[in-house]
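K.L.:
So that you have it, the file is target13.tsv, and it contains TSV, C-alpha atoms:
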```tsv
chain	number	residue	atom	x	y	z
A	6	MET	CA	0.00	0.00	0.00
A	7	GLN	CA	1.31	3.40	-0.93
A	8	THR	CA	2.42	5.55	2.01
A	9	LEU	CA	0.79	8.96	2.16
A	10	ALA	CA	2.27	12.17	3.49
A	11	PRO	CA	0.83	12.94	6.95
A	12	VAL	CA	-0.92	16.07	5.75
A	13	ARG	CA	-2.84	13.96	3.24
A	14	TYR	CA	-4.23	11.31	5.60
A	15	SER	CA	-7.38	13.36	6.25
A	16	GLU	CA	-7.87	14.01	2.53
A	17	HIS	CA	-7.57	10.28	1.78
A	18	ALA	CA	-9.97	9.44	4.64
A	19	LEU	CA	-12.50	11.96	3.34
A	20	ARG	CA	-12.43	10.40	-0.12
A	21	LEU	CA	-13.04	6.96	1.41
A	22	VAL	CA	-16.18	8.03	3.30
A	23	ARG	CA	-17.51	10.70	0.96
A	24	ASP	CA	-20.48	8.53	-0.05
A	25	LEU	CA	-21.61	7.83	3.54
A	26	HIS	CA	-22.97	11.23	4.58
A	27	THR	CA	-26.62	10.81	3.56
A	28	PRO	CA	-29.08	9.87	6.34
A	29	ASN	CA	-31.51	7.05	5.60
A	30	ARG	CA	-34.99	8.22	6.64
A	31	ARG	CA	-36.41	4.71	6.92
A	32	THR	CA	-33.57	3.60	9.19
A	33	TYR	CA	-34.00	6.58	11.50
A	34	TRP	CA	-37.77	6.31	11.78
A	35	THR	CA	-37.87	2.52	12.13
A	36	ASP	CA	-35.16	2.53	14.79
A	37	LEU	CA	-36.72	5.38	16.77
A	38	MET	CA	-40.26	3.97	16.78
A	39	SER	CA	-39.23	0.37	17.53
A	40	THR	CA	-37.04	1.63	20.37
A	41	ALA	CA	-39.95	3.68	21.72
A	42	LEU	CA	-42.22	0.63	21.55
A	43	VAL	CA	-39.78	-1.48	23.57
A	44	ALA	CA	-39.11	1.35	26.04
A	45	TRP	CA	-42.73	2.15	26.84
A	46	SER	CA	-43.93	-1.47	26.78
A	47	SER	CA	-41.26	-2.46	29.29
A	48	PHE	CA	-42.05	0.64	31.38
A	49	VAL	CA	-45.68	-0.50	31.66
A	50	LEU	CA	-44.44	-3.92	32.78
A	51	VAL	CA	-42.18	-2.35	35.41
A	52	VAL	CA	-45.13	-0.44	36.85
A	53	THR	CA	-47.75	-3.22	36.69
A	54	LEU	CA	-45.91	-6.52	37.29
A	55	GLU	CA	-46.10	-7.98	40.78
A	56	SER	CA	-43.15	-10.37	40.47
A	57	TRP	CA	-39.97	-8.68	41.69
A	58	LEU	CA	-37.83	-10.84	39.42
A	59	TRP	CA	-39.71	-9.87	36.26
A	60	ARG	CA	-39.91	-6.28	37.43
A	61	ILE	CA	-36.11	-6.17	37.69
A	62	VAL	CA	-35.73	-7.76	34.25
A	63	SER	CA	-38.22	-5.28	32.78
A	64	THR	CA	-36.40	-2.39	34.46
A	65	ILE	CA	-33.10	-3.39	32.84
A	66	VAL	CA	-34.72	-3.71	29.41
A	67	CYS	CA	-36.58	-0.43	29.95
A	68	ALA	CA	-33.46	1.47	31.01
A	69	PHE	CA	-31.39	0.39	28.02
A	70	ALA	CA	-34.28	1.02	25.62
A	71	PHE	CA	-34.79	4.54	26.98
A	72	TYR	CA	-31.03	5.06	26.88
A	73	ARG	CA	-30.94	4.14	23.21
A	74	GLY	CA	-33.93	6.37	22.50
A	75	LEU	CA	-32.40	9.34	24.31
A	76	CYS	CA	-29.14	8.88	22.39
A	77	PHE	CA	-30.97	9.86	19.22
A	78	LEU	CA	-30.76	13.40	20.58
A	79	HIS	CA	-27.09	13.34	19.61
A	80	GLU	CA	-28.10	12.61	16.03
A	81	ILE	CA	-30.76	15.33	16.11
A	82	SER	CA	-28.14	17.89	17.14
A	83	HIS	CA	-26.22	17.15	13.91
A	84	LEU	CA	-29.07	16.57	11.46
A	85	ARG	CA	-30.35	19.29	9.20
A	86	LYS	CA	-34.08	19.68	9.94
A	87	ALA	CA	-34.89	19.39	6.25
A	88	ALA	CA	-33.14	16.02	6.07
A	89	LEU	CA	-35.58	14.38	8.49
A	90	ARG	CA	-38.72	16.48	8.84
A	91	GLY	CA	-40.73	15.89	11.98
A	92	PHE	CA	-38.10	13.66	13.58
A	93	GLU	CA	-37.13	16.06	16.35
A	94	LEU	CA	-40.78	16.80	17.14
A	95	CYS	CA	-41.60	13.09	17.37
A	96	TRP	CA	-38.53	12.42	19.50
A	97	ASN	CA	-39.57	15.15	21.92
A	98	LEU	CA	-43.04	13.65	22.28
A	99	VAL	CA	-41.96	10.05	22.88
A	100	PHE	CA	-38.71	10.60	24.79
A	101	GLY	CA	-37.78	14.22	25.49
A	102	VAL	CA	-40.86	15.48	27.33
A	103	PRO	CA	-41.56	12.32	29.39
A	104	MET	CA	-37.90	12.14	30.46
A	105	LEU	CA	-37.70	15.90	31.20
A	106	LEU	CA	-35.05	16.27	28.51
A	107	PRO	CA	-36.54	18.28	25.63
A	108	SER	CA	-34.20	18.65	22.69
A	109	PHE	CA	-33.40	22.31	23.46
A	110	MET	CA	-31.25	21.04	26.34
A	111	TYR	CA	-28.74	19.66	23.80
A	112	VAL	CA	-29.39	21.14	20.37
A	113	GLY	CA	-27.33	24.31	20.10
A	114	VAL	CA	-25.11	23.16	22.96
A	115	HIS	CA	-23.38	20.07	21.60
A	116	GLN	CA	-21.93	22.02	18.67
A	117	HIS	CA	-19.47	23.70	21.06
A	118	HIS	CA	-17.98	20.26	21.72
A	119	HIS	CA	-17.04	20.01	18.04
A	120	ASN	CA	-16.06	23.59	17.31
A	121	THR	CA	-12.29	23.88	16.81
A	122	ALA	CA	-12.33	27.16	18.74
A	123	THR	CA	-13.96	25.70	21.88
A	124	TYR	CA	-13.20	21.95	22.07
A	125	GLY	CA	-11.38	21.13	25.32
A	126	THR	CA	-11.72	24.69	26.66
A	127	ASP	CA	-13.96	26.22	29.35
A	128	ASP	CA	-16.50	26.86	26.59
A	129	ASP	CA	-16.80	23.15	25.81
A	130	PRO	CA	-19.87	21.83	27.69
A	131	GLU	CA	-18.76	18.19	27.42
A	132	TYR	CA	-15.14	18.27	28.48
A	133	LEU	CA	-13.24	18.22	31.79
A	134	PRO	CA	-9.58	17.32	32.57
A	135	PHE	CA	-10.30	13.78	33.87
A	136	GLU	CA	-6.96	12.26	32.83
A	137	GLY	CA	-5.17	10.67	35.78
A	138	LYS	CA	-7.81	11.76	38.34
A	139	PRO	CA	-9.66	8.64	39.62
A	140	LEU	CA	-11.38	10.49	42.49
A	141	MET	CA	-12.77	13.12	40.12
A	142	ILE	CA	-13.91	10.33	37.78
A	143	THR	CA	-15.67	8.45	40.61
A	144	ILE	CA	-17.49	11.57	41.81
A	145	PHE	CA	-18.56	12.33	38.26
A	146	VAL	CA	-20.09	8.86	37.86
A	147	LEU	CA	-21.93	9.05	41.19
A	148	GLN	CA	-23.38	12.44	40.23
A	149	GLY	CA	-25.41	10.61	37.62
A	150	LEU	CA	-27.64	9.29	40.40
A	151	LEU	CA	-28.69	12.88	41.13
A	152	LEU	CA	-29.62	13.79	37.56
A	153	PRO	CA	-33.31	12.81	37.88
A	154	ALA	CA	-33.67	15.02	40.96
A	155	LEU	CA	-31.97	17.92	39.17
A	156	LEU	CA	-34.29	17.50	36.18
A	157	LEU	CA	-37.32	17.55	38.49
A	158	VAL	CA	-36.16	20.76	40.18
A	159	ARG	CA	-35.32	22.39	36.86
A	160	SER	CA	-38.68	21.47	35.26
A	161	PHE	CA	-41.10	21.96	38.16
A	162	VAL	CA	-39.45	24.63	40.32
A	163	PHE	CA	-37.03	26.79	38.34
A	164	ALA	CA	-38.90	26.80	35.02
A	165	PRO	CA	-42.33	27.85	36.39
A	166	LEU	CA	-40.80	30.50	38.66
A	167	SER	CA	-38.72	31.84	35.79
A	168	PHE	CA	-41.88	32.56	33.82
A	169	VAL	CA	-42.65	35.43	36.20
A	170	PHE	CA	-39.17	36.47	37.38
A	171	PRO	CA	-37.01	37.66	34.44
A	172	PRO	CA	-33.71	37.62	36.40
A	173	LEU	CA	-34.31	33.96	37.28
A	174	ARG	CA	-35.16	33.28	33.64
A	175	ARG	CA	-31.76	34.59	32.59
A	176	TRP	CA	-30.06	32.46	35.27
A	177	VAL	CA	-31.93	29.32	34.21
A	178	GLY	CA	-30.98	29.95	30.60
A	179	ALA	CA	-27.29	30.33	31.36
A	180	HIS	CA	-26.86	27.73	34.11
A	181	ALA	CA	-29.66	25.14	33.87
A	182	SER	CA	-30.64	24.75	30.22
A	183	ALA	CA	-27.85	22.61	28.83
A	184	LEU	CA	-26.79	19.01	29.18
A	185	SER	CA	-23.31	19.91	30.32
A	186	LEU	CA	-20.70	18.23	32.49
A	187	ASN	CA	-18.56	21.36	32.57
A	188	VAL	CA	-19.73	23.61	35.42
A	189	LYS	CA	-17.88	26.56	33.88
A	190	TYR	CA	-19.96	26.43	30.73
A	191	ARG	CA	-22.45	29.27	30.33
A	192	ARG	CA	-25.10	29.04	27.66
A	193	GLN	CA	-26.13	32.03	25.59
A	194	ILE	CA	-29.89	31.99	24.90
A	195	PRO	CA	-31.06	34.03	21.88
A	196	GLY	CA	-34.68	35.15	21.73
A	197	ALA	CA	-35.80	32.41	19.32
A	198	THR	CA	-34.31	29.70	21.53
A	199	ASN	CA	-35.94	31.21	24.62
A	200	SER	CA	-39.34	31.05	22.90
A	201	LEU	CA	-38.70	27.44	21.91
A	202	MET	CA	-37.68	26.61	25.48
A	203	LEU	CA	-40.84	28.20	26.83
A	204	ARG	CA	-43.08	26.14	24.54
A	205	TRP	CA	-41.46	22.84	25.49
A	206	GLU	CA	-41.37	23.74	29.19
A	207	LEU	CA	-45.13	24.36	29.09
A	208	MET	CA	-45.64	21.13	27.13
A	209	THR	CA	-43.62	19.24	29.74
A	210	LEU	CA	-45.66	20.69	32.61
A	211	ALA	CA	-48.90	19.83	30.82
A	212	PHE	CA	-47.82	16.25	30.03
A	213	TRP	CA	-46.67	15.49	33.54
A	214	ALA	CA	-49.77	17.08	35.11
A	215	LEU	CA	-52.02	15.01	32.84
A	216	ALA	CA	-50.07	11.80	33.47
A	217	ALA	CA	-50.14	12.36	37.24
A	218	SER	CA	-53.87	13.11	37.16
A	219	VAL	CA	-54.72	10.00	35.14
A	220	LEU	CA	-52.54	7.65	37.18
A	221	THR	CA	-53.71	9.06	40.49
A	222	SER	CA	-57.35	8.70	39.43
A	223	VAL	CA	-56.72	5.00	38.89
A	224	SER	CA	-54.62	4.45	42.01
A	225	SER	CA	-52.27	6.58	44.07
A	226	GLY	CA	-50.10	3.49	44.47
A	227	LEU	CA	-49.87	3.13	40.69
A	228	ALA	CA	-48.82	6.77	40.36
A	229	LEU	CA	-46.11	6.29	42.98
A	230	ARG	CA	-44.81	3.15	41.30
A	231	ALA	CA	-44.69	4.96	37.95
A	232	PHE	CA	-42.72	7.83	39.47
A	233	ILE	CA	-40.26	5.48	41.19
A	234	ALA	CA	-39.83	3.54	37.93
A	235	TRP	CA	-39.15	6.81	36.07
A	236	TYR	CA	-36.56	7.87	38.65
A	237	VAL	CA	-34.75	4.50	38.64
A	238	VAL	CA	-34.72	4.25	34.85
A	239	THR	CA	-33.49	7.84	34.46
A	240	ALA	CA	-30.75	7.29	37.07
A	241	VAL	CA	-29.55	4.10	35.33
A	242	VAL	CA	-29.53	5.91	31.99
A	243	ALA	CA	-27.57	8.80	33.50
A	244	VAL	CA	-24.92	6.55	35.10
A	245	VAL	CA	-24.46	4.41	31.97
A	246	ASN	CA	-24.16	7.52	29.81
A	247	THR	CA	-21.70	9.05	32.26
A	248	ILE	CA	-19.47	5.97	32.05
A	249	ARG	CA	-19.77	5.98	28.25
A	250	THR	CA	-18.78	9.65	28.18
A	251	LEU	CA	-15.64	8.86	30.19
A	252	GLY	CA	-14.71	6.23	27.61
A	253	ALA	CA	-15.16	8.60	24.67
A	254	HIS	CA	-12.06	10.79	25.11
A	255	ARG	CA	-8.60	10.80	26.63
A	256	TYR	CA	-9.44	14.11	28.37
A	257	SER	CA	-5.85	15.24	28.06
A	258	THR	CA	-6.00	18.98	27.66
A	259	ASP	CA	-4.03	22.15	28.31
A	260	GLY	CA	-7.17	24.25	27.91
A	261	ASN	CA	-6.34	25.41	24.40
A	262	PRO	CA	-8.54	24.85	21.31
A	263	ARG	CA	-7.79	21.90	19.01
A	264	ASP	CA	-8.13	21.41	15.29
A	265	ARG	CA	-10.04	18.50	13.78
A	266	GLU	CA	-7.08	16.08	13.76
A	267	ALA	CA	-6.16	16.91	17.37
A	268	GLN	CA	-9.77	16.25	18.36
A	269	LEU	CA	-9.53	12.90	16.60
A	270	ILE	CA	-6.40	11.84	18.49
A	271	ASP	CA	-7.95	12.89	21.81
A	272	SER	CA	-11.05	10.79	21.09
A	273	ILE	CA	-11.69	7.04	21.25
A	274	ASP	CA	-13.41	4.43	19.08
A	275	THR	CA	-14.50	1.14	20.65
A	276	PRO	CA	-15.88	-0.95	17.75
A	277	GLY	CA	-16.53	-3.94	20.03
A	278	ALA	CA	-19.56	-6.18	19.47
A	279	VAL	CA	-23.11	-6.60	20.85
A	280	TRP	CA	-22.16	-5.49	24.38
A	281	THR	CA	-20.66	-2.29	23.01
A	282	GLU	CA	-23.92	-1.44	21.28
A	283	LEU	CA	-25.69	-1.58	24.66
A	284	TRP	CA	-23.51	1.02	26.40
A	285	ALA	CA	-22.65	3.06	23.28
A	286	PRO	CA	-25.72	2.87	21.00
A	287	VAL	CA	-26.68	4.93	17.95
A	288	GLY	CA	-23.11	5.13	16.65
A	289	LEU	CA	-21.53	6.40	19.88
A	290	ARG	CA	-19.04	3.53	19.86
A	291	TYR	CA	-17.37	5.40	16.96
A	292	HIS	CA	-16.88	8.63	18.87
A	293	ALA	CA	-13.47	9.49	17.41
A	294	LEU	CA	-14.69	8.83	13.87
A	295	HIS	CA	-17.68	11.05	14.61
A	296	HIS	CA	-15.36	13.90	15.63
A	297	TYR	CA	-13.39	13.40	12.41
A	298	PHE	CA	-16.52	13.38	10.24
A	299	PRO	CA	-19.48	14.69	12.28
A	300	GLY	CA	-21.72	14.67	9.21
A	301	ILE	CA	-21.82	10.88	8.85
A	302	PRO	CA	-25.15	9.50	10.17
A	303	TYR	CA	-24.96	6.85	12.90
A	304	HIS	CA	-26.05	3.97	10.66
A	305	ASN	CA	-23.06	4.53	8.33
A	306	LEU	CA	-20.33	4.86	10.95
A	307	GLY	CA	-19.62	1.12	11.03
A	308	ALA	CA	-19.12	1.08	7.26
A	309	ALA	CA	-16.94	4.18	7.48
A	310	HIS	CA	-14.79	2.54	10.17
A	311	ARG	CA	-14.30	-0.58	8.06
A	312	LYS	CA	-13.33	1.52	5.03
A	313	LEU	CA	-10.75	3.46	7.00
A	314	VAL	CA	-9.06	0.50	8.69
A	315	GLY	CA	-9.12	-1.39	5.39
A	316	ASN	CA	-7.50	1.36	3.34
A	317	LEU	CA	-5.53	3.83	5.49
A	318	PRO	CA	-1.84	3.05	6.08
A	319	LYS	CA	-0.84	2.26	9.67
A	320	PRO	CA	0.82	5.64	10.39
A	321	ALA	CA	-2.56	7.35	9.92
A	322	PRO	CA	-3.76	9.09	13.12
A	323	TYR	CA	-7.07	7.20	13.05
A	324	TYR	CA	-5.40	4.02	14.36
A	325	GLN	CA	-4.42	5.86	17.55
A	326	THR	CA	-8.10	6.19	18.47
A	327	LEU	CA	-8.95	2.48	18.59
A	328	SER	CA	-9.60	0.85	21.97
A	329	ARG	CA	-10.28	-2.84	22.58
A	330	SER	CA	-12.86	-2.25	25.35
A	331	LEU	CA	-14.52	0.27	27.63
A	332	GLY	CA	-12.62	-1.14	30.60
A	333	HIS	CA	-9.32	-0.63	28.80
A	334	SER	CA	-10.20	3.02	28.04
A	335	LEU	CA	-11.34	3.73	31.60
A	336	GLY	CA	-8.21	2.11	33.02
A	337	ARG	CA	-5.97	4.31	30.87
A	338	LEU	CA	-7.99	7.37	31.83
A	339	CYS	CA	-7.62	6.68	35.56
A	340	ARG	CA	-3.91	5.96	35.24
A	341	GLY	CA	-3.33	8.98	33.02
A	342	LYS	CA	-1.70	6.97	30.24
```
Reformat the file's structure so that it appears as structure tokens.
P.N.:
Amino acid sequence: MQTLAPVRYSEHALRLVRDLHTPNRRTYWTDLMSTALVAWSSFVLVVTLESWLWRIVSTIVCAFAFYRGLCFLHEISHLRKAALRGFELCWNLVFGVPMLLPSFMYVGVHQHHHNTATYGTDDDPEYLPFEGKPLMITIFVLQGLLLPALLLVRSFVFAPLSFVFPPLRRWVGAHASALSLNVKYRRQIPGATNSLMLRWELMTLAFWALAASVLTSVSSGLALRAFIAWYVVTAVVAVVNTIRTLGAHRYSTDGNPRDREAQLIDSIDTPGAVWTELWAPVGLRYHALHHYFPGIPYHNLGAAHRKLVGNLPKPAPYYQTLSRSLGHSLGRLCRGK
């Protein structure tokens, strides 16, 4: 195989995957709706089954189904609205609103994690210097257990109060309206986004009020079981996603911005097998490849990976991103190697 000059590796890689940037509407819709069917069917079983064993099994299935469904938000943040009309709206109705995570919490935020001017800096909402800091890593994982409580406070305390207190509205917009692991990140909320937030906040309040009313009218015990099931499922999703996030980068940073190739080298791909698809669904196992080519839809990332490893020479930076397992990546992150 002909050896390429280093500066041409990215050009060669782009040629290899140029035909993989078009999203398949049928794949997106079929995956989303089948995932929603599994998620909500198993949720009903969690709430209604009397057997503890089957309730635990249903909870596991429910958590991973909701996790997969919520991960489509990552795709939504990169998709052009015209490419998949109605997809974001549908996602909000079946996943975002019930889970207190409307798409505005991520769309318009995640882009700062890809921008070459902000990646790895204080303006990157998804980056912290975890490398070689096991205590910081452990605390970060445990914080996932608190996410459902934070979402409840944000949706049912801060949001309603902010409707009538403009200073609080500005604070909520900057500090509590982004899925961010970086506490230094401050979100800027333009007027159009604020209006969108308001609509979905009202929709969320209405949905939860209606659901609570219906369930309570049937049985207060049923309503309580549904709420506990929601909290447990959301906490499991948060912890699994937190661990996945830790396995997505090397988190080795000096606080300065990075170009596209530097982002690639700081990121990790874990091709894996079936198990990998559970903890890194919807293409998230190919996180480094996604940073290299953020326009490739999730269903084509596997094909893109195979093209790159089958055609790029070994000195290409892409090979530095490959990890054999999540455990291997987390071990290196804790050791700082």
K.L.:
To one decimal place, how far is CA of Ala240 (chain A) from CA of Pro153 (chain A) in Å?
P.N.:
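So the two atoms, CA of Ala240 (chain A) and CA of Pro153 (chain A), lie 6.1 Å apart.
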K.L.:
Could you work out how far CA of Tyr72 (chain A) lies from CA of Trp57 (chain A), giving the answer in Å with one decimal?
P.N.:
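Separation of CA of Trp57 (chain A) and CA of Tyr72 (chain A): 22.1 Å.
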K.L.:
Can you measure CA of Ile301 (chain A) to CA of Cys76 (chain A) for me? One decimal in Å is fine.
P.N.:
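Going from CA of Ile301 (chain A) over to CA of Cys76 (chain A) covers 15.5 Å.
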K.L.:
If I wrap all listed atoms of region 149-165 of chain A in a box with edges along x, y and z and add 8 Å on each side, what are its centre and edge lengths in Å to one decimal, as lines of an AutoDock Vina configuration file?
P.N.:
```
center_x = -33.9
center_y = 18.6
center_z = 38.1
size_x = 32.9
size_y = 34.6
size_z = 22.1
```
K.L.:
List as a list in words: which residues have an atom within 10 Å of (-13.1, 1.8, 9.4), counting all atoms listed in the file?
P.N.:
Ala18, Leu21, Val22, Pro276, Tyr291, Leu294, Leu306, Gly307, Ala308, Ala309, His310, Arg311, Lys312, Leu313, Val314, Gly315, Asn316, Leu317, Tyr323 and Tyr324 of chain A
K.L.:
Keeping only C-alpha atoms, write the selected residues to a file as a PDB file, in the coordinates of the input.
P.N.:
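So the final result, stored in out18.pdb, reads:
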```
ATOM      1  CA  ALA A  18      -9.970   9.440   4.640  1.00  0.00           C
ATOM      2  CA  LEU A  21     -13.040   6.960   1.410  1.00  0.00           C
ATOM      3  CA  VAL A  22     -16.180   8.030   3.300  1.00  0.00           C
ATOM      4  CA  PRO A 276     -15.880  -0.950  17.750  1.00  0.00           C
ATOM      5  CA  TYR A 291     -17.370   5.400  16.960  1.00  0.00           C
ATOM      6  CA  LEU A 294     -14.690   8.830  13.870  1.00  0.00           C
ATOM      7  CA  LEU A 306     -20.330   4.860  10.950  1.00  0.00           C
ATOM      8  CA  GLY A 307     -19.620   1.120  11.030  1.00  0.00           C
ATOM      9  CA  ALA A 308     -19.120   1.080   7.260  1.00  0.00           C
ATOM     10  CA  ALA A 309     -16.940   4.180   7.480  1.00  0.00           C
ATOM     11  CA  HIS A 310     -14.790   2.540  10.170  1.00  0.00           C
ATOM     12  CA  ARG A 311     -14.300  -0.580   8.060  1.00  0.00           C
ATOM     13  CA  LYS A 312     -13.330   1.520   5.030  1.00  0.00           C
ATOM     14  CA  LEU A 313     -10.750   3.460   7.000  1.00  0.00           C
ATOM     15  CA  VAL A 314      -9.060   0.500   8.690  1.00  0.00           C
ATOM     16  CA  GLY A 315      -9.120  -1.390   5.390  1.00  0.00           C
ATOM     17  CA  ASN A 316      -7.500   1.360   3.340  1.00  0.00           C
ATOM     18  CA  LEU A 317      -5.530   3.830   5.490  1.00  0.00           C
ATOM     19  CA  TYR A 323      -7.070   7.200  13.050  1.00  0.00           C
ATOM     20  CA  TYR A 324      -5.400   4.020  14.360  1.00  0.00           C
TER      21      TYR A 324
END
```
K.L.:
So, with only C-alpha atoms as the atoms that count, which of A:Tyr111, A:Phe135, A:Tyr297, A:Trp176 lies closest to Arg255 (chain A)?
P.N.:
A:Phe135
K.L.:
Here is a test: counting all atoms listed in the file, which residue of A:His79, A:Ala234, A:Thr239, A:Arg175 is nearest to Ser63 (chain A)?
P.N.:
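Of A:His79, A:Ala234, A:Thr239, A:Arg175, the one nearest Ser63 (chain A) is A:Ala234, counting all atoms listed in the file.
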K.L.:
Would you list the contacts of Ala183 (chain A) as a PyMOL selection string, taking every protein, DNA or RNA residue within 8 Å and counting all atoms listed in the file, but skipping same-chain residues closer than 3 positions in sequence?
P.N.:
chain A and resi 109-111+114+180+192
K.L.:
With C-alpha atoms retained, write the just-selected residues as an mmCIF file, keeping the file's coordinate frame.
P.N.:
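Result saved to selection-v3.cif:
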```cif
data_model
loop_
_atom_site.group_PDB
_atom_site.id
_atom_site.type_symbol
_atom_site.label_atom_id
_atom_site.label_comp_id
_atom_site.auth_asym_id
_atom_site.auth_seq_id
_atom_site.Cartn_x
_atom_site.Cartn_y
_atom_site.Cartn_z
ATOM 1 C CA PHE A 109 -33.400 22.310 23.460
ATOM 2 C CA MET A 110 -31.250 21.040 26.340
ATOM 3 C CA TYR A 111 -28.740 19.660 23.800
ATOM 4 C CA VAL A 114 -25.110 23.160 22.960
ATOM 5 C CA HIS A 180 -26.860 27.730 34.110
ATOM 6 C CA ARG A 192 -25.100 29.040 27.660
#
```
K.L.:
Closest to Leu186 (chain A) among A:His118, A:Ala211, A:Val238, A:Val223, using all atoms listed in the file?
P.N.:
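Once distances to Leu186 (chain A) are computed over all atoms listed in the file, the minimum belongs to A:His118.
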K.L.:
For a quick check of understanding, using all atoms listed in the file, which of A:Ile270, A:Val188, A:Leu19, A:Met104 has the smallest distance to Leu133 (chain A)?
P.N.:
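Closest residue, counting all atoms listed in the file: A:Val188.
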K.L.:
Mind checking which residues fall within 8 Å of Leu331 (chain A), counting only C-alpha atoms, ignoring those fewer than 3 positions away in the same chain, and posting them as a list in words?
P.N.:
Arg249, Gly252, Thr275, Ser328, Ser334 and Leu335 of chain A
K.L.:
Contacts of Gly101 (chain A) at 9 Å or less, counting all atoms listed in the file, minus same-chain residues fewer than 6 places along, as a PDB file with C-alpha atoms, in the frame of the given file?
P.N.:
```
ATOM      1  CA  LEU A  75     -32.400   9.340  24.310  1.00  0.00           C
ATOM      2  CA  LEU A  78     -30.760  13.400  20.580  1.00  0.00           C
ATOM      3  CA  PRO A 107     -36.540  18.280  25.630  1.00  0.00           C
ATOM      4  CA  SER A 108     -34.200  18.650  22.690  1.00  0.00           C
ATOM      5  CA  THR A 209     -43.620  19.240  29.740  1.00  0.00           C
TER       6      THR A 209
END
```
K.L.:
Between A:Pro302, A:Leu50, A:Ala179, A:Gly288, single out the one closest to Ala88 (chain A), counting all atoms listed in the file.
P.N.:
A:Pro302
